[in-house]
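Coordinates as given in query_0.cif (mmCIF, C-alpha atoms):
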data_query
loop_
_atom_site.label_atom_id
_atom_site.label_comp_id
_atom_site.auth_asym_id
_atom_site.auth_seq_id
_atom_site.Cartn_x
_atom_site.Cartn_y
_atom_site.Cartn_z
CA PRO A 1 59.92 18.71 133.79
CA ASN A 2 56.17 18.16 133.57
CA LYS A 3 55.46 21.48 135.31
CA ARG A 4 53.76 24.50 133.88
CA CYS A 5 55.98 27.48 133.20
CA LEU A 6 55.46 30.46 135.50
CA MET A 7 54.02 33.28 133.43
CA ASN A 8 53.95 36.54 135.33
CA VAL A 9 53.76 39.54 133.04
CA CYS A 10 53.12 43.04 134.33
CA PRO A 11 54.05 45.74 131.83
CA VAL A 12 53.01 49.24 132.80
CA ILE A 13 52.52 52.41 130.80
CA GLY A 14 52.31 55.61 132.81
CA GLU A 15 52.02 59.34 132.47
CA GLN A 16 52.49 62.23 134.85
CA GLY A 17 52.46 65.75 133.50
CA ASP A 18 54.62 65.76 130.36
CA LYS A 19 56.49 62.65 131.54
CA ARG A 20 55.53 59.37 129.82
CA PHE A 21 57.08 56.00 130.62
CA ALA A 22 56.77 52.27 130.10
CA PHE A 23 58.32 49.53 132.24
CA GLY A 24 58.49 45.76 132.03
CA ALA A 25 60.76 43.11 133.47
CA SER A 26 61.80 39.50 133.45
CA GLY A 27 62.02 37.60 136.70
CA GLY A 28 58.87 35.59 137.37
CA ARG A 29 57.24 36.49 140.68
CA LYS A 30 59.68 39.37 141.18
CA ILE A 31 58.31 41.33 138.20
CA LEU A 32 55.29 42.96 139.84
CA GLY A 33 57.24 44.51 142.70
CA ALA A 34 60.00 45.82 140.44
CA VAL A 35 57.61 47.43 137.97
CA ALA A 36 55.52 48.94 140.78
CA GLN A 37 58.59 50.38 142.51
CA LEU A 38 60.01 51.87 139.32
CA SER A 39 56.63 53.45 138.57
CA SER A 40 56.51 54.87 142.10
CA PHE A 41 60.04 56.23 141.88
CA VAL A 42 59.10 58.11 138.72
CA THR A 43 55.65 59.35 139.77
CA ASP A 44 55.82 59.69 143.57
CA PHE A 45 59.45 60.74 143.91
CA ASP A 46 59.92 62.49 140.53
CA MET A 47 63.05 60.47 139.74
CA SER A 48 64.63 60.36 136.33
CA LEU A 49 64.74 57.07 134.46
CA GLU A 50 68.42 56.65 135.34
CA ASP A 51 67.92 57.43 139.02
CA SER A 52 64.94 55.10 139.29
CA PHE A 53 66.94 52.17 137.87
CA HIS A 54 69.82 52.85 140.28
CA ALA A 55 67.58 53.19 143.35
CA PRO A 56 67.68 50.26 145.79
CA ARG A 57 64.62 48.00 145.68
CA ILE A 58 62.68 45.57 147.85
CA ASP A 59 61.33 42.22 146.70
CA ALA A 60 58.23 40.87 148.49
CA SER A 61 57.56 37.86 146.24
CA ASP A 62 58.53 35.34 148.94
CA ALA A 63 55.76 34.81 151.51
CA ASN A 64 58.33 34.11 154.25
CA GLN A 65 60.68 37.07 153.91
CA LEU A 66 61.43 40.35 152.20
CA ILE A 67 64.58 40.67 150.12
CA ALA A 68 66.02 44.15 150.59
CA ASP A 69 68.86 45.81 148.76
CA GLU A 70 71.56 46.42 151.37
CA ASP A 71 72.02 49.93 149.93
CA LEU A 72 68.65 51.00 151.37
CA PRO A 73 69.01 53.52 154.21
CA ARG A 74 69.50 51.81 157.57
CA ASP A 75 66.31 53.37 159.00
CA VAL A 76 64.29 51.87 156.12
CA LEU A 77 65.81 48.43 156.72
CA ASP A 78 65.13 48.71 160.45
CA ARG A 79 61.50 49.70 159.80
CA LEU A 80 61.04 46.75 157.43
CA ARG A 81 62.37 44.42 160.16
CA GLU A 82 59.73 45.59 162.63
CA ASP A 83 57.02 43.58 160.84
CA ASN A 84 58.94 41.21 158.54
CA THR A 85 61.80 38.79 158.23
CA VAL A 86 64.28 40.63 156.02
CA ALA A 87 67.22 39.25 154.07
CA GLU A 88 69.63 41.93 152.90
CA THR A 89 71.47 41.38 149.66
CA LYS A 90 73.67 43.23 147.22
CA ARG A 91 72.61 43.59 143.61
CA THR A 92 74.92 41.32 141.67
CA ILE A 93 75.38 40.04 138.15
CA PHE A 94 74.38 36.52 139.18
CA PRO A 95 72.27 35.38 140.86
CA TYR A 96 69.65 38.09 140.48
CA ALA A 97 67.93 38.85 143.77
CA PHE A 98 65.52 41.17 141.99
CA ALA A 99 63.71 41.26 138.65
CA CYS A 100 65.53 42.52 135.55
CA PRO A 101 63.56 45.54 134.37
CA ALA A 102 63.71 47.54 131.18
CA GLY A 103 62.09 50.90 130.59
CA VAL A 104 61.71 53.87 128.32
CA MET A 105 60.76 57.45 129.13
CA ARG A 106 59.94 60.68 127.38
CA ASP A 107 60.48 63.63 129.71
CA ALA A 108 60.68 67.29 128.73
CA GLY A 109 60.94 66.32 125.05
CA ARG A 110 63.87 63.93 125.66
CA ASN A 111 63.69 60.18 125.04
CA SER A 112 65.71 57.71 127.10
CA GLY A 113 65.84 53.99 127.83
CA CYS A 114 67.45 51.79 130.44
CA THR A 115 67.74 48.13 131.43
CA GLU A 116 68.79 46.40 134.66
CA ILE A 117 72.03 48.02 135.80
CA MET A 118 73.59 44.74 136.94
CA SER A 119 72.91 42.85 133.73
CA PRO A 120 76.01 42.26 131.61
CA TRP A 121 73.71 42.71 128.62
CA GLY A 122 72.15 45.87 130.04
CA ASP A 123 72.48 49.27 128.52
CA ALA A 124 71.19 52.79 128.77
CA ILE A 125 70.89 55.56 126.25
CA SER A 126 69.30 58.96 125.93
CA GLU A 127 68.26 60.69 122.75
CA ASP A 128 71.05 63.25 122.92
CA MET A 129 73.62 60.43 123.02
CA THR A 130 72.55 59.28 119.54
CA LYS A 131 73.78 62.44 117.77
CA ASP A 132 77.28 61.00 117.36
CA ILE A 133 76.11 57.61 116.06
#
Just give me the structure as C-alpha cells.
Amino acid sequence: PNKRCLMNVCPVIGEQGDKRFAFGASGGRKILGAVAQLSSFVTDFDMSLEDSFHAPRIDASDANQLIADEDLPRDVLDRLREDNTVAETKRTIFPYAFACPAGVMRDAGRNSGCTEIMSPWGDAISEDMTKDI
C-alpha cells in the first residue's frame, strides 16, 4: 500500500530477412531480459518461435545475483559463475523465476504464436493448426 506500481514495459518488434516477430512479457523487472533473450534467440541463433520459448534463460534483474535456468549447459553456468553470484532454478508453474513472455512470428509465410511454456494459461499455435478448427 501507498507505493507506486512498478511499470516496466518493453515490447519489441523485429525483422530479419523474411522473418518478422513481436515479443512482450509480464514480470516487472524481469521483462527486459526475457524480451532481449527471445529476440537474440530468433535473430542471432536463427531459432524458431517454439525453440526460442523452450530455450533456457538467464535473469539479471537482481543486482546481487543472476538467476539461471538449471537446464543451461554446465559450461555456460560455470562461465556465469566466474564473474557473478548465480542461483540456479528450474522453470516452474509457480513461483515464476523468469518473466512470462508472449510472442508472434511470421516466418516463411507461416504465422505462429506462443506464450510462456510453464504458464497453466499458456498456449501455442501455428497457422497450419487452424485448418481443423
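Pairwise distance (CA of Ala97 (chain A), CA of Pro1 (chain A)) equals 23.9 Å.
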Result set, the PyMOL selection byres ((chain A and resi 86) around 6) on current file, as a list in words
Gln65, Leu66, Ile67, Arg81, Asn84, Thr85 and Ala87 of chain A
Please produce a file of those selected residues containing C-alpha atoms, as a PDB file, in the coordinates of the input.
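What follows is the written file selection24.pdb:
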ATOM      1  CA  GLN A  65      60.680  37.070 153.910  1.00  0.00           C
ATOM      2  CA  LEU A  66      61.430  40.350 152.200  1.00  0.00           C
ATOM      3  CA  ILE A  67      64.580  40.670 150.120  1.00  0.00           C
ATOM      4  CA  ARG A  81      62.370  44.420 160.160  1.00  0.00           C
ATOM      5  CA  ASN A  84      58.940  41.210 158.540  1.00  0.00           C
ATOM      6  CA  THR A  85      61.800  38.790 158.230  1.00  0.00           C
ATOM      7  CA  ALA A  87      67.220  39.250 154.070  1.00  0.00           C
TER       8      ALA A  87
END
Would you kindly return, as a PyMOL selection string, each protein, DNA or RNA residue with an atom no farther than 12 Å from any atom of region 29-40 of chain A, considering all atoms listed in the file and excluding same-chain residues fewer than 6 positions away?
chain A and resi 5-16+19-23+46-63+66-68+96-105+114-116
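Coordinates place CA of Gly17 (chain A) at a distance of 19.8 Å from CA of Glu127 (chain A).
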Let me know the residues the PyMOL selection byres ((chain A and resi 108) around 8) catches in the file above, as a ChimeraX atom specification.
/A:18-19,106-107,109-110
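Against this structure, the PyMOL selection byres ((chain A and resi 118-120) around 7) ends up with Arg91, Thr92, Ile93, Glu116, Ile117, Trp121 and Gly122 of chain A.
If you look at CA of Ala25 (chain A) and CA of Lys3 (chain A), they are 22.3 Å away from each other.
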